[in-house]
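*Asks:* model_33.cif is the file, holding mmCIF, C-alpha atoms:
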data_target
#
loop_
_atom_site.label_atom_id
_atom_site.label_comp_id
_atom_site.auth_asym_id
_atom_site.auth_seq_id
_atom_site.Cartn_x
_atom_site.Cartn_y
_atom_site.Cartn_z
CA MET A 1 -37.04 -103.66 176.40
CA ALA A 2 -36.50 -99.91 176.45
CA THR A 3 -39.05 -97.84 178.33
CA SER A 4 -40.65 -94.69 177.00
CA THR A 5 -38.12 -92.54 178.81
CA GLU A 6 -35.12 -94.07 177.05
CA ARG A 7 -33.60 -92.03 174.23
CA ARG A 8 -31.86 -94.10 171.58
CA TRP A 9 -29.14 -92.48 169.51
CA TRP A 10 -30.50 -93.82 166.20
CA HIS A 11 -34.11 -92.85 165.49
CA ASP A 12 -36.31 -93.76 162.57
CA ASP A 13 -35.70 -90.44 160.84
CA THR A 14 -31.95 -90.17 161.62
CA LEU A 15 -30.85 -91.45 158.22
CA ARG A 16 -33.33 -89.19 156.43
CA ARG A 17 -32.04 -86.14 158.29
CA LEU A 18 -28.44 -87.08 157.55
CA LEU A 19 -29.21 -87.42 153.84
CA ARG A 20 -30.71 -83.91 153.91
CA HIS A 21 -27.68 -82.44 155.67
CA ARG A 22 -25.55 -80.82 152.95
CA LEU A 23 -22.26 -80.67 154.85
CA PHE A 24 -22.59 -84.28 155.94
CA MET A 25 -23.30 -85.42 152.38
CA ALA A 26 -20.39 -83.37 151.02
CA GLY A 27 -18.05 -84.95 153.56
CA ALA A 28 -19.45 -88.42 152.87
CA LEU A 29 -18.92 -87.97 149.12
CA VAL A 30 -15.32 -86.79 149.41
CA PHE A 31 -14.37 -89.37 152.02
CA GLY A 32 -16.15 -92.11 150.07
CA LEU A 33 -14.10 -91.30 146.95
CA ILE A 34 -10.85 -91.29 148.92
CA LEU A 35 -11.75 -94.54 150.66
CA LEU A 36 -12.72 -96.14 147.35
CA GLY A 37 -9.43 -95.06 145.80
CA ALA A 38 -7.49 -96.54 148.71
CA LEU A 39 -9.37 -99.85 148.61
CA LEU A 40 -8.94 -100.17 144.83
CA ALA A 41 -5.32 -98.96 144.81
CA PRO A 42 -3.88 -102.28 143.53
CA TRP A 43 -6.14 -102.01 140.48
CA LEU A 44 -6.16 -98.23 139.99
CA ALA A 45 -2.40 -97.75 140.33
CA PRO A 46 -0.75 -98.17 136.90
CA VAL A 47 2.68 -99.17 138.27
CA ASP A 48 4.34 -100.40 141.43
CA PRO A 49 4.57 -97.43 143.85
CA LEU A 50 8.11 -98.53 144.76
CA LYS A 51 9.37 -98.86 141.18
CA VAL A 52 12.29 -96.48 140.50
CA SER A 53 12.74 -94.98 137.03
CA MET A 54 15.51 -92.40 136.91
CA ARG A 55 14.63 -91.52 133.32
CA ASN A 56 11.28 -90.16 134.52
CA ARG A 57 12.51 -88.03 137.44
CA PHE A 58 10.50 -84.87 138.19
CA GLN A 59 7.92 -85.41 135.46
CA PRO A 60 5.06 -82.90 135.95
CA PRO A 61 1.43 -84.05 136.01
CA SER A 62 0.40 -85.18 132.54
CA ALA A 63 -1.73 -87.69 130.68
CA ARG A 64 0.95 -90.32 131.32
CA PHE A 65 1.70 -89.39 134.92
CA TRP A 66 -1.50 -88.02 136.40
CA PHE A 67 0.17 -86.72 139.57
CA GLY A 68 3.68 -86.48 138.15
CA THR A 69 6.75 -88.30 139.46
CA ASP A 70 9.13 -87.76 142.36
CA ASN A 71 12.91 -87.45 142.63
CA LEU A 72 13.36 -91.18 141.94
CA GLY A 73 10.92 -91.30 139.05
CA ARG A 74 8.25 -93.13 141.05
CA ASP A 75 4.68 -92.58 139.92
CA LEU A 76 3.06 -90.20 142.40
CA TRP A 77 -0.50 -91.30 141.56
CA SER A 78 0.37 -94.85 142.58
CA ARG A 79 2.18 -93.70 145.71
CA VAL A 80 -0.69 -91.46 146.84
CA LEU A 81 -3.23 -94.26 146.35
CA HIS A 82 -1.16 -96.78 148.30
CA GLY A 83 -0.30 -94.15 150.90
CA GLY A 84 -4.02 -93.66 151.44
CA ARG A 85 -4.34 -97.34 152.32
CA LEU A 86 -1.84 -96.93 155.15
CA SER A 87 -3.26 -93.63 156.41
CA LEU A 88 -6.85 -94.88 156.45
CA LEU A 89 -5.76 -98.16 158.05
CA VAL A 90 -4.22 -96.16 160.89
CA GLY A 91 -7.45 -94.18 161.23
CA PHE A 92 -9.61 -97.29 161.42
CA VAL A 93 -7.31 -99.01 163.93
CA VAL A 94 -7.17 -95.96 166.19
CA VAL A 95 -10.96 -95.54 166.03
CA ALA A 96 -11.49 -99.24 166.78
CA SER A 97 -9.11 -99.14 169.75
CA ASN A 98 -10.85 -96.04 171.08
CA ALA A 99 -14.27 -97.62 170.61
CA ALA A 100 -13.07 -100.64 172.61
CA PHE A 101 -10.73 -99.34 175.31
CA GLY A 102 -12.16 -95.84 175.59
CA VAL A 103 -15.69 -97.18 176.06
CA ALA A 104 -14.53 -99.85 178.50
CA ILE A 105 -12.60 -97.41 180.68
CA GLY A 106 -15.30 -94.75 180.54
CA ALA A 107 -18.05 -97.27 181.31
CA LEU A 108 -16.19 -98.69 184.31
CA ALA A 109 -15.42 -95.23 185.66
CA GLY A 110 -18.93 -93.94 185.05
CA TYR A 111 -20.82 -96.87 186.56
CA PHE A 112 -18.58 -98.22 189.31
CA ARG A 113 -17.79 -95.43 191.74
CA ARG A 114 -14.98 -97.36 193.45
CA VAL A 115 -12.71 -97.32 190.37
CA ASP A 116 -13.78 -93.93 189.05
CA ASN A 117 -11.11 -91.87 190.77
CA LEU A 118 -8.28 -94.30 189.97
CA LEU A 119 -9.13 -94.58 186.27
CA MET A 120 -9.75 -90.88 185.76
CA ARG A 121 -6.51 -89.86 187.47
CA ALA A 122 -4.67 -92.18 185.10
CA MET A 123 -6.46 -90.57 182.15
CA ASP A 124 -5.68 -87.10 183.51
CA ALA A 125 -2.00 -88.02 183.69
CA LEU A 126 -2.01 -88.90 179.99
CA MET A 127 -3.95 -85.76 179.09
CA ALA A 128 -1.49 -83.57 180.98
CA PHE A 129 0.85 -83.76 177.97
CA PRO A 130 0.08 -82.11 174.60
CA ALA A 131 -1.37 -84.86 172.39
CA ILE A 132 1.08 -84.64 169.52
CA MET A 133 4.07 -84.36 171.85
CA LEU A 134 2.99 -87.46 173.77
CA ALA A 135 2.49 -89.34 170.49
CA LEU A 136 5.95 -88.27 169.33
CA GLY A 137 7.47 -89.42 172.61
CA ILE A 138 5.79 -92.84 172.51
CA ALA A 139 6.68 -93.35 168.85
CA ALA A 140 10.29 -92.33 169.52
CA VAL A 141 10.58 -94.83 172.36
CA LEU A 142 8.95 -97.68 170.43
CA GLY A 143 10.77 -96.95 167.19
CA PRO A 144 9.61 -95.98 163.68
CA SER A 145 7.03 -98.41 162.30
CA LEU A 146 3.39 -98.40 161.25
CA VAL A 147 2.31 -100.56 164.20
CA ASN A 148 4.12 -98.36 166.71
CA ALA A 149 2.54 -95.26 165.20
CA MET A 150 -0.90 -96.85 165.66
CA ILE A 151 -0.10 -97.65 169.29
CA ALA A 152 1.13 -94.13 169.98
CA LEU A 153 -1.91 -92.46 168.43
CA ALA A 154 -4.35 -94.83 170.14
CA VAL A 155 -2.82 -94.24 173.58
CA VAL A 156 -3.07 -90.49 173.10
CA ALA A 157 -6.70 -90.54 171.94
CA ILE A 158 -8.18 -93.04 174.40
CA PRO A 159 -8.25 -90.74 177.50
CA ARG A 160 -10.46 -88.11 175.85
CA ASN A 161 -13.00 -90.65 174.69
CA ALA A 162 -12.93 -92.37 178.05
CA ARG A 163 -13.80 -89.10 179.76
CA LEU A 164 -16.56 -88.46 177.24
CA VAL A 165 -18.12 -91.88 177.84
CA ARG A 166 -17.79 -91.46 181.61
CA ALA A 167 -19.59 -88.10 181.51
CA SER A 168 -22.44 -89.63 179.51
CA PHE A 169 -22.64 -92.61 181.87
CA LEU A 170 -22.86 -90.34 184.91
CA VAL A 171 -25.92 -88.64 183.42
CA VAL A 172 -27.71 -91.71 182.08
CA ARG A 173 -26.99 -93.77 185.21
CA GLU A 174 -29.35 -91.53 187.20
CA MET A 175 -32.26 -91.94 184.77
CA PRO A 176 -35.45 -93.60 186.10
CA TYR A 177 -35.29 -96.56 183.71
CA VAL A 178 -31.76 -97.39 184.94
CA GLU A 179 -32.88 -97.16 188.55
CA ALA A 180 -35.81 -99.43 187.69
CA ALA A 181 -33.44 -101.98 186.15
CA VAL A 182 -31.25 -101.88 189.26
CA ALA A 183 -34.29 -102.33 191.51
CA ALA A 184 -35.40 -105.28 189.39
CA GLY A 185 -32.11 -107.02 190.13
CA ALA A 186 -30.51 -106.74 186.69
CA ARG A 187 -26.78 -107.43 186.61
CA PRO A 188 -24.41 -104.49 186.09
CA LEU A 189 -23.13 -105.72 182.73
CA ARG A 190 -26.68 -106.11 181.46
CA ILE A 191 -27.60 -102.63 182.67
CA ILE A 192 -24.52 -101.15 181.01
CA GLY A 193 -24.96 -102.98 177.73
CA THR A 194 -28.75 -102.74 177.43
CA HIS A 195 -29.83 -99.51 179.11
CA ILE A 196 -26.87 -97.13 179.47
CA LEU A 197 -24.43 -97.63 176.58
CA PRO A 198 -27.02 -97.44 173.76
CA ASN A 199 -28.11 -94.07 175.14
CA CYS A 200 -24.53 -92.76 175.22
CA MET A 201 -23.71 -93.59 171.62
CA ALA A 202 -24.57 -90.28 169.97
CA PRO A 203 -21.69 -88.20 171.42
CA LEU A 204 -19.33 -91.16 171.07
CA VAL A 205 -20.07 -91.66 167.36
CA VAL A 206 -19.52 -87.94 166.73
CA ALA A 207 -16.26 -87.97 168.69
CA LEU A 208 -14.93 -91.00 166.82
CA THR A 209 -15.20 -89.21 163.47
CA PHE A 210 -12.92 -86.48 164.82
CA VAL A 211 -10.60 -89.15 166.25
CA PHE A 212 -10.35 -90.59 162.75
CA ALA A 213 -9.36 -87.20 161.33
CA TYR A 214 -6.86 -86.70 164.16
CA ALA A 215 -5.32 -90.14 163.54
CA VAL A 216 -4.89 -89.60 159.80
CA LEU A 217 -3.33 -86.18 160.29
CA SER A 218 -1.12 -87.27 163.19
CA GLU A 219 0.12 -90.32 161.29
CA ALA A 220 1.19 -87.97 158.50
CA VAL A 221 3.04 -85.85 161.06
CA LEU A 222 4.81 -88.88 162.52
CA SER A 223 5.77 -90.13 159.06
CA PHE A 224 6.96 -86.65 158.07
CA LEU A 225 9.26 -86.64 161.11
CA GLY A 226 10.50 -90.17 160.44
CA LEU A 227 8.62 -91.82 163.31
CA GLY A 228 5.78 -93.37 161.32
CA THR A 229 5.79 -95.65 158.31
CA PRO A 230 9.46 -96.16 157.35
CA PRO A 231 10.50 -95.60 153.73
CA PRO A 232 10.29 -96.73 151.03
CA ALA A 233 6.69 -97.69 151.92
CA PRO A 234 4.48 -94.84 150.69
CA SER A 235 2.59 -92.72 153.21
CA TRP A 236 1.24 -89.22 152.74
CA GLY A 237 3.49 -87.75 155.40
CA GLY A 238 6.52 -89.61 154.07
CA ILE A 239 5.87 -88.45 150.49
CA ILE A 240 5.63 -84.85 151.68
CA ALA A 241 8.84 -85.24 153.71
CA GLU A 242 10.74 -86.56 150.68
CA GLY A 243 9.36 -83.88 148.39
CA ARG A 244 10.02 -80.87 150.60
CA HIS A 245 13.61 -80.69 149.33
CA TYR A 246 12.37 -80.20 145.78
CA MET A 247 9.60 -77.67 146.36
CA ARG A 248 11.08 -75.14 143.96
CA ASP A 249 11.58 -77.53 141.02
CA ALA A 250 8.77 -80.03 141.62
CA PRO A 251 6.10 -78.54 143.92
CA TRP A 252 3.54 -81.19 142.96
CA ILE A 253 5.39 -83.79 145.06
CA VAL A 254 4.28 -81.89 148.17
CA LEU A 255 1.12 -80.12 147.00
CA ILE A 256 -0.75 -83.17 145.70
CA PRO A 257 -0.41 -85.52 148.72
CA GLY A 258 -0.85 -82.50 150.99
CA SER A 259 -4.10 -81.62 149.23
CA VAL A 260 -5.37 -85.20 149.48
CA LEU A 261 -4.51 -85.24 153.19
CA ALA A 262 -6.28 -81.92 153.73
CA ALA A 263 -9.34 -83.12 151.80
CA THR A 264 -9.52 -86.29 153.91
CA VAL A 265 -9.33 -84.40 157.20
CA LEU A 266 -11.86 -81.83 155.98
CA ALA A 267 -14.27 -84.55 154.84
CA LEU A 268 -14.07 -86.31 158.21
CA ASN A 269 -14.69 -83.05 160.04
CA LEU A 270 -17.73 -82.39 157.86
CA LEU A 271 -19.00 -85.87 158.68
CA GLY A 272 -18.52 -85.17 162.37
CA ASP A 273 -20.26 -81.80 162.17
CA GLY A 274 -23.18 -83.35 160.33
CA LEU A 275 -23.53 -86.16 162.85
CA ARG A 276 -23.37 -83.65 165.70
CA ASP A 277 -26.07 -81.50 164.14
CA VAL A 278 -28.40 -84.47 163.70
CA LEU A 279 -27.66 -86.58 166.79
CA ASP A 280 -27.02 -83.97 169.45
CA PRO A 281 -30.29 -82.43 170.73
CA LYS A 282 -28.51 -79.14 171.45
CA PHE A 283 -27.52 -78.78 167.78
CA ALA A 284 -30.31 -80.70 166.05
CA ARG A 285 -31.92 -78.78 163.22
CA ARG A 286 -35.61 -79.20 163.11
#
Reformat the file's structure so that it appears as structure tokens.
*Replies:*
Amino acid sequence: MATSTERRWWHDDTLRRLLRHRLFMAGALVFGLILLGALLAPWLAPVDPLKVSMRNRFQPPSARFWFGTDNLGRDLWSRVLHGGRLSLLVGFVVVASNAAFGVAIGALAGYFRRVDNLLMRAMDALMAFPAIMLALGIAAVLGPSLVNAMIALAVVAIPRNARLVRASFLVVREMPYVEAAVAAGARPLRIIGTHILPNCMAPLVVALTFVFAYAVLSEAVLSFLGLGTPPPAPSWGGIIAEGRHYMRDAPWIVLIPGSVLAATVLALNLLGDGLRDVLDPKFARR
């Protein structure tokens, strides 16, 4: 049972304060609509996103083709919806891998002093490279595919979250209730899972929303450069890459998926800012 000195990341009024936070609610609304569209893509898309129709090449947005068509006559509305499924899948996988491996590495380094230096030097080695360059290098070595793009983005993001969790563990580990648990003979795993980790969740949850935005944007970059989802499978970065050659005659091929990508990243950043304002005591609005 938590003592009176423990500070849990989710309080009774946390949800109420989030619902009153305008930026958080705006981000939640936009991201919720994009997520809903991606989940319902098989039912919302009027045609197969891979279906070629040369008679309908470069059709502008209209009542028939809401987002227009591309250079092969494929319906852009269908392609953007199905591309969102891939982009958001990458985001969820990268966030899940960071929540698992980042927390595990950070917890081990923050609680067990013997492995701290070894683990953090390994994380420093990964962080010595610019994130996107390291992701490009890993993806180039592994080859262009959706799975390899997920692996590359997860490897790049894990060190930063591991360091964040470690920093939180170093602070919480010295709290009186943790020392009391140690003195009572509690096992390390129980102390970590019951007393330390729940009190380190606030900064981690905030960080993971930004990791999600980073993963979606970086996947688009990898696909744009040919190192992500291989064609003809639709992805936002791949659609933009194919449409950049026709910017003068059919700008909607680039502008529409680019706008959806920008809206997704903006919504996730608004969610992160709102969570930070509510969960972080230094930013909490009273």
*Asks:* Using only C-alpha atoms, determine which residues lie at most 12 Å from A:Val178, disregarding the query and same-chain residues fewer than 2 positions distant; provide the list as a short mmCIF file (atom, residue, chain, number, x, y, z; two decimals) with C-alpha atoms, in the coordinates of the input.
*Replies:*
data_model
loop_
_atom_site.label_atom_id
_atom_site.label_comp_id
_atom_site.auth_asym_id
_atom_site.auth_seq_id
_atom_site.Cartn_x
_atom_site.Cartn_y
_atom_site.Cartn_z
CA MET A 1 -37.04 -103.66 176.40
CA ALA A 2 -36.50 -99.91 176.45
CA THR A 3 -39.05 -97.84 178.33
CA THR A 5 -38.12 -92.54 178.81
CA GLU A 6 -35.12 -94.07 177.05
CA TYR A 111 -20.82 -96.87 186.56
CA PHE A 169 -22.64 -92.61 181.87
CA LEU A 170 -22.86 -90.34 184.91
CA VAL A 171 -25.92 -88.64 183.42
CA VAL A 172 -27.71 -91.71 182.08
CA ARG A 173 -26.99 -93.77 185.21
CA GLU A 174 -29.35 -91.53 187.20
CA MET A 175 -32.26 -91.94 184.77
CA PRO A 176 -35.45 -93.60 186.10
CA ALA A 180 -35.81 -99.43 187.69
CA ALA A 181 -33.44 -101.98 186.15
CA VAL A 182 -31.25 -101.88 189.26
CA ALA A 183 -34.29 -102.33 191.51
CA ALA A 184 -35.40 -105.28 189.39
CA GLY A 185 -32.11 -107.02 190.13
CA ALA A 186 -30.51 -106.74 186.69
CA ARG A 187 -26.78 -107.43 186.61
CA PRO A 188 -24.41 -104.49 186.09
CA ARG A 190 -26.68 -106.11 181.46
CA ILE A 191 -27.60 -102.63 182.67
CA ILE A 192 -24.52 -101.15 181.01
CA GLY A 193 -24.96 -102.98 177.73
CA THR A 194 -28.75 -102.74 177.43
CA HIS A 195 -29.83 -99.51 179.11
CA ILE A 196 -26.87 -97.13 179.47
CA LEU A 197 -24.43 -97.63 176.58
CA ASN A 199 -28.11 -94.07 175.14
#
*Asks:* Measuring between only C-alpha atoms, which one of A:Leu266, A:Leu35, A:Leu275, A:Leu50 shows the shortest distance to A:Ala202?
*Replies:*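 Smallest separation from A:Ala202 among the options: A:Leu275.
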*Asks:* Using the chain letters and numbers from the file, give me the residues hit by the PyMOL selection byres ((chain A and resi 159) around 9), as an MDAnalysis selection string.
*Replies:* chainID A and resid 98 102 105:106 120 122:124 126:127 155:158 160:164
*Asks:* Using all atoms listed in the file, which residue out of A:Leu204, A:Val265, A:Ile239, A:Val221 lies closest to A:Asp75?
*Replies:* A:Ile239
*Asks:* Suppose a student applies the PyMOL selection byres ((chain A and resi 34) around 12) to this structure; what residues should they get, written as a PyMOL selection string?
*Replies:* chain A and resi 27-33+35-41+80-85+87-88+257+259-268
*Asks:* Can you tell me how far atom CA of A:Pro130 sits from atom CA of A:Gly228, in Å to one decimal?
*Replies:*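 About the pair atom CA of A:Pro130 and atom CA of A:Gly228: they are 18.3 Å apart.
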*Asks:* Excluding same-chain residues fewer than 6 positions from A:Ser145, what lies within 8 Å of it counting all atoms listed in the file, as a list in words?
*Replies:*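 Near neighbours after the sequence-gap exclusion: Leu227, Gly228, Thr229 and Pro230 of chain A.
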*Asks:* Could you spell out the hits of the PyMOL selection byres ((chain A and resi 224) around 7) on the shown file, as an MDAnalysis selection string?
*Replies:* chainID A and resid 220:223 225:226 237:238 240:241
*Asks:* Mind giving me the straight-line distance from atom CA of A:Ser62 to atom CA of A:Leu89 in Å, one decimal?
*Replies:*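 Rounded to one decimal, the two atoms are 29.3 Å apart.
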*Asks:* What's the 12 Å shell around A:Gly274, counting all atoms listed in the file, without same-chain residues fewer than 5 positions away, as a list of chain:residue names?
*Replies:*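 Counting only the stated atoms, we get A:Thr14, A:Leu15, A:Arg17, A:Leu18, A:Leu19, A:Arg20, A:His21, A:Arg22, A:Leu23, A:Phe24, A:Met25, A:Ala26, A:Gly27, A:Ala28, A:Ala202, A:Val205, A:Val206, A:Ala207, A:Thr209, A:Phe210, A:Ala267, A:Leu268, A:Asn269, A:Leu279, A:Asp280, A:Phe283, A:Ala284, A:Arg285.
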*Asks:* Using only C-alpha atoms, pick whichever of A:Ala233, A:Leu153, A:Ala139, A:Val165 has the shortest atom-to-atom distance to A:Ser78.
*Replies:*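 Going through A:Ala233, A:Leu153, A:Ala139, A:Val165 one by one, the smallest distance to A:Ser78 is for A:Ala233.
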*Asks:* For A:Ala149, which residue out of A:Val103, A:Leu86, A:Leu271, A:Met247 is the nearest one, using only C-alpha atoms?
*Replies:*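 Ranking A:Val103, A:Leu86, A:Leu271, A:Met247 by distance to A:Ala149, first place goes to A:Leu86.
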*Asks:* What gap, in Å, lies between atom CA of A:Asp277 and atom CA of A:Ala100?
*Replies:* 24.6 Å
*Asks:* For the point (-5.0, -90.4, 164.5) in the file's frame, write as an mmCIF file with C-alpha atoms, keeping the file's coordinate frame all residues with an atom no more than 10 Å away, counting only C-alpha atoms.
*Replies:*
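And here is the file that came out, part-v5.cif:
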data_model
loop_
_atom_site.group_PDB
_atom_site.id
_atom_site.type_symbol
_atom_site.label_atom_id
_atom_site.label_comp_id
_atom_site.auth_asym_id
_atom_site.auth_seq_id
_atom_site.Cartn_x
_atom_site.Cartn_y
_atom_site.Cartn_z
ATOM 1 C CA SER A 87 -3.260 -93.630 156.410
ATOM 2 C CA LEU A 88 -6.850 -94.880 156.450
ATOM 3 C CA VAL A 90 -4.220 -96.160 160.890
ATOM 4 C CA GLY A 91 -7.450 -94.180 161.230
ATOM 5 C CA PHE A 92 -9.610 -97.290 161.420
ATOM 6 C CA VAL A 93 -7.310 -99.010 163.930
ATOM 7 C CA VAL A 94 -7.170 -95.960 166.190
ATOM 8 C CA VAL A 95 -10.960 -95.540 166.030
ATOM 9 C CA ILE A 132 1.080 -84.640 169.520
ATOM 10 C CA ALA A 135 2.490 -89.340 170.490
ATOM 11 C CA ALA A 149 2.540 -95.260 165.200
ATOM 12 C CA MET A 150 -0.900 -96.850 165.660
ATOM 13 C CA ILE A 151 -0.100 -97.650 169.290
ATOM 14 C CA ALA A 152 1.130 -94.130 169.980
ATOM 15 C CA LEU A 153 -1.910 -92.460 168.430
ATOM 16 C CA ALA A 154 -4.350 -94.830 170.140
ATOM 17 C CA VAL A 156 -3.070 -90.490 173.100
ATOM 18 C CA ALA A 157 -6.700 -90.540 171.940
ATOM 19 C CA PHE A 210 -12.920 -86.480 164.820
ATOM 20 C CA VAL A 211 -10.600 -89.150 166.250
ATOM 21 C CA PHE A 212 -10.350 -90.590 162.750
ATOM 22 C CA ALA A 213 -9.360 -87.200 161.330
ATOM 23 C CA TYR A 214 -6.860 -86.700 164.160
ATOM 24 C CA ALA A 215 -5.320 -90.140 163.540
ATOM 25 C CA VAL A 216 -4.890 -89.600 159.800
ATOM 26 C CA LEU A 217 -3.330 -86.180 160.290
ATOM 27 C CA SER A 218 -1.120 -87.270 163.190
ATOM 28 C CA GLU A 219 0.120 -90.320 161.290
ATOM 29 C CA ALA A 220 1.190 -87.970 158.500
ATOM 30 C CA VAL A 221 3.040 -85.850 161.060
#
*Asks:* Env of A:Trp66: 8 Å cut, atoms = all atoms listed in the file, seq-sep filter 4 positions within chain, self excluded. Answer as a PyMOL selection string.
*Replies:* chain A and resi 61-62+76-77
*Asks:* Determine the nearest neighbour of A:Cys200 from the options A:Gly110, A:Asn117, A:Trp236, A:Arg64, counting only C-alpha atoms.
*Replies:*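 Among A:Gly110, A:Asn117, A:Trp236, A:Arg64, it is A:Gly110 that comes nearest to A:Cys200.
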*Asks:* Taking only C-alpha atoms into account, which of A:Tyr177, A:Val147, A:Arg57, A:Arg121 comes nearest A:Asp70?
*Replies:*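 Using only C-alpha atoms, A:Asp70 sits closest to A:Arg57.
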